[in-house]
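Enquirer: Okay, handing you the structure first.
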Amino acid sequence: MLTSDISTPRTLEIRGLSVCATRRGHHIDLVRNLSLTLNTGEILALVGASGSGKSMTCAGAQGVLPPGVISPHGHVLVDGVHLAPRALRGRLVSTVLQNPRSAFNPVRTMFDHACEVRRVAAASPAGDKTAVREAFLEVGLEDADTVMDLYPFEMSGGMLQRVMIALAILSGAPFIFADEPTTDLDLIVQARILDLLSGLVARRGLGMLLVTHDMGVVARLATRVAVMEAGQIVEEAPVADIFHAPRHPATRALVAAHLKLYEGAIA
Ligand SMILES: Nc1ncnc2c1ncn2[C@@H]1O[C@H](COP(=O)(O)OP(=O)(O)OP(=O)(O)O)[C@@H](O)[C@H]1O
């Protein structure tokens with residue numbers, strides 16, 4: 001049942017998602033009956049120890065699982081409408097990944113990538129340089145016309161990450177899945193990219209699912225937090241509650257590990 005105009009959706013719901021693999025003849029559950037709701041205008045942090053299933057959740061919801069990994073159950077609804085992964089990817093959900101260098105086609109320029117994104121999103125005209133220039137400027141790529149002609153090997157990791165965010169803008173998707181978007185960047189660039197992402201959510205009213213195990217990033221950006229352990233969400237709460245009154249042992253462990261990092265830090 002459609003609850004609002006699908007062009008300006010308000011909620012993305014993942015319902016009953018399961019992801020599994022077979023390893024040496026054994027069935028392994030990687031994500032187990034997971035449900036979460038992401039609203040536009042908020043940053044929902046998906047946190048958890050390494051291997052808890054955060055990336056598999058994003059991949060499963062978008063139907064982009066690696067070979068040998070399947071999702072036997074689960075569906076995604078946008079404003080209550082059940083949508084196939086193909087209808088989500090690049091249209092309603094855009095993705096910002098870690099290690100931007102491996103996410104770009106090495107023989108295509110930044111403008112080629114922008115055109116491809118526009119084609120998938122059916123944003124016309126795909127070859128319009130004005131829209132690309134505006135998106136590049138919005139993410140702080142000041143010499144936008146020069147950047148359009150660059151190949152990935154001619155750019156720094158921070159610049160590539162900015163282009164990846166510009167591509168998310170160009171797709172027009174109201175939801176972003178950002179999977180460890182700053183992991184491979186130095187601390188100063190990390191801070192700039194995080195500011196850029198949070199500014200984008202605030203300005204454009206996007207909904208962002210932010211996968212991270214950096215609780216500092218969570219404290220700084222998130223509205224709500226969902227904590228994963230062994231393929232399941234074990235706690236979900238507003239960000240202040242996660243830090244001040246964590247209930248589940250996995251949440252307490254994450255918060256304690258984060259605080260320990262700062263114990264004895266130089267004043
Ligand atoms: N291609 C694959 N085939 C089979 N199992 C996989 C594959 N990739 C990851 N896994 C397993 O899936 C589980 C969840 O992995 P996932 O990458 O979702 O964890 P994560 O929480 O995102 O971890 P990290 O924070 O380290 O990125 C892990 O047990 C991992 O070993």
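Residue numbering restarts at 1 for every chain of the structure tokens, chains are lettered A, B, ... in their displayed order, and ligands are numbered from 1 as they appear.
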Just the residues within 12 Å of Asn39 of chain A, please, counting only C-alpha atoms, with nothing from its chain fewer than 4 positions along; format it as a VMD selection string.
Expert: chain A and resid 8 to 14 43 to 44 77 to 79 174 to 176 201 205 to 209 223 to 224
Enquirer: As a compact mmCIF listing (two decimals) with C-alpha atoms, in the first residue's frame, please: the residues near Gln232 of chain A (cut-off 9 Å, only C-alpha atoms, same-chain neighbours under 2 positions excluded).
Expert:
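File result.txt, as written:
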```
# COMPACT_ATOMS: atom_id res chain seq x y z
CA LEU A 30 25.55 -14.80 8.15
CA VAL A 31 22.45 -12.63 8.73
CA ARG A 32 19.47 -14.01 10.63
CA ASN A 33 15.93 -12.71 10.27
CA LEU A 34 17.05 -9.08 10.42
CA SER A 35 14.64 -6.16 10.28
CA SER A 52 28.90 -9.53 12.69
CA GLY A 53 27.15 -9.17 9.33
CA VAL A 227 23.96 -3.00 17.10
CA MET A 228 24.69 -6.33 15.39
CA GLU A 229 26.10 -9.51 16.84
CA ALA A 230 26.37 -12.83 15.01
CA VAL A 234 20.66 -7.15 19.42
```
Enquirer: Using only C-alpha atoms and all ligand atoms, which protein or nucleic acid residues are at most 10 Å from ligand 1, as an MDAnalysis selection string?
Expert: chainID A and resid 19:23 28:31 46:60 65:70 98 179:180 211:214 228:231
Enquirer: Would you please extract all strand (DSSP E) residues from segment 54-179 of chain A, as assigned by DSSP on the backbone, and give them as a VMD selection string?
Expert: chain A and resid 69 to 78 81 to 83 93 to 97 175 to 179
Enquirer: In segment 61-182 of chain A, what's alpha helix (DSSP H) per DSSP? Answer as an MDAnalysis selection string?
Expert: chainID A and resid 61:62 85:88 100:103 110:120 129:138 144:148 157:171
Enquirer: Grab the residues selected above and save them as a PDB file, in the first residue's frame with C-alpha atoms.
Expert:
```
ATOM      1  CA  ALA A  61      19.109  -5.848   0.919  1.00  0.00           C
ATOM      2  CA  GLN A  62      20.414  -4.662  -2.446  1.00  0.00           C
ATOM      3  CA  PRO A  85      16.566  -5.178  -5.326  1.00  0.00           C
ATOM      4  CA  ARG A  86      16.949  -4.109  -8.972  1.00  0.00           C
ATOM      5  CA  ALA A  87      14.366  -1.368  -8.458  1.00  0.00           C
ATOM      6  CA  LEU A  88      16.301  -0.092  -5.423  1.00  0.00           C
ATOM      7  CA  PRO A 100      37.032   4.139  -3.419  1.00  0.00           C
ATOM      8  CA  ARG A 101      39.999   3.218  -5.603  1.00  0.00           C
ATOM      9  CA  SER A 102      38.611  -0.261  -6.181  1.00  0.00           C
ATOM     10  CA  ALA A 103      35.077   1.036  -6.807  1.00  0.00           C
ATOM     11  CA  MET A 110      34.864  10.678 -13.656  1.00  0.00           C
ATOM     12  CA  PHE A 111      32.439  12.138 -16.195  1.00  0.00           C
ATOM     13  CA  ASP A 112      31.881   8.659 -17.709  1.00  0.00           C
ATOM     14  CA  HIS A 113      31.029   7.366 -14.228  1.00  0.00           C
ATOM     15  CA  ALA A 114      28.609  10.246 -13.699  1.00  0.00           C
ATOM     16  CA  CYS A 115      26.887   9.508 -17.024  1.00  0.00           C
ATOM     17  CA  GLU A 116      26.545   5.824 -16.093  1.00  0.00           C
ATOM     18  CA  VAL A 117      24.935   6.725 -12.769  1.00  0.00           C
ATOM     19  CA  ARG A 118      22.533   9.125 -14.489  1.00  0.00           C
ATOM     20  CA  ARG A 119      21.608   6.449 -17.041  1.00  0.00           C
ATOM     21  CA  VAL A 120      20.784   3.876 -14.333  1.00  0.00           C
ATOM     22  CA  LYS A 129      27.616  18.487 -17.697  1.00  0.00           C
ATOM     23  CA  THR A 130      25.775  21.139 -15.689  1.00  0.00           C
ATOM     24  CA  ALA A 131      24.262  18.641 -13.247  1.00  0.00           C
ATOM     25  CA  VAL A 132      27.608  16.856 -12.882  1.00  0.00           C
ATOM     26  CA  ARG A 133      29.426  20.158 -12.287  1.00  0.00           C
ATOM     27  CA  GLU A 134      26.889  21.140  -9.601  1.00  0.00           C
ATOM     28  CA  ALA A 135      27.215  17.801  -7.821  1.00  0.00           C
ATOM     29  CA  PHE A 136      31.023  17.946  -7.934  1.00  0.00           C
ATOM     30  CA  LEU A 137      30.971  21.486  -6.537  1.00  0.00           C
ATOM     31  CA  GLU A 138      28.546  20.447  -3.800  1.00  0.00           C
ATOM     32  CA  ALA A 144      34.882  20.393 -11.259  1.00  0.00           C
ATOM     33  CA  ASP A 145      35.522  20.605 -15.016  1.00  0.00           C
ATOM     34  CA  THR A 146      39.059  19.320 -14.654  1.00  0.00           C
ATOM     35  CA  VAL A 147      37.970  16.523 -12.309  1.00  0.00           C
ATOM     36  CA  MET A 148      35.383  15.332 -14.848  1.00  0.00           C
ATOM     37  CA  GLY A 157      41.571   8.589  -2.199  1.00  0.00           C
ATOM     38  CA  GLY A 158      39.828  11.607  -0.672  1.00  0.00           C
ATOM     39  CA  MET A 159      38.971  13.035  -4.100  1.00  0.00           C
ATOM     40  CA  LEU A 160      37.624   9.668  -5.249  1.00  0.00           C
ATOM     41  CA  GLN A 161      35.491   9.424  -2.128  1.00  0.00           C
ATOM     42  CA  ARG A 162      34.086  12.891  -2.865  1.00  0.00           C
ATOM     43  CA  VAL A 163      33.260  11.774  -6.414  1.00  0.00           C
ATOM     44  CA  MET A 164      31.537   8.664  -5.035  1.00  0.00           C
ATOM     45  CA  ILE A 165      29.381  10.938  -2.871  1.00  0.00           C
ATOM     46  CA  ALA A 166      28.728  13.209  -5.866  1.00  0.00           C
ATOM     47  CA  LEU A 167      27.555  10.133  -7.785  1.00  0.00           C
ATOM     48  CA  ALA A 168      25.144   9.382  -4.942  1.00  0.00           C
ATOM     49  CA  ILE A 169      23.778  12.931  -5.305  1.00  0.00           C
ATOM     50  CA  LEU A 170      23.508  12.547  -9.079  1.00  0.00           C
ATOM     51  CA  SER A 171      21.535   9.322  -8.725  1.00  0.00           C
TER      52      SER A 171
END
```
Enquirer: Distance atom CA of Pro238 of chain A-atom CA of Ala45 of chain A, one decimal place?
Expert: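 Spanning atom CA of Pro238 of chain A to atom CA of Ala45 of chain A is a straight-line distance of 9.9 Å.
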Enquirer: Have a look at atom CA of Leu38 of chain A and atom CA of Val225 of chain A and let me know their distance in Å, one decimal.
Expert: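 According to the coordinates, atom CA of Leu38 of chain A and atom CA of Val225 of chain A are separated by 10.7 Å.
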Enquirer: Rank nothing, just name the residue among A:Ala121, A:Ile188, A:Ala250, A:Leu150 nearest to Arg108 of chain A, using only C-alpha atoms.
Expert: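 Going through A:Ala121, A:Ile188, A:Ala250, A:Leu150 one by one, the smallest distance to Arg108 of chain A is for A:Leu150.
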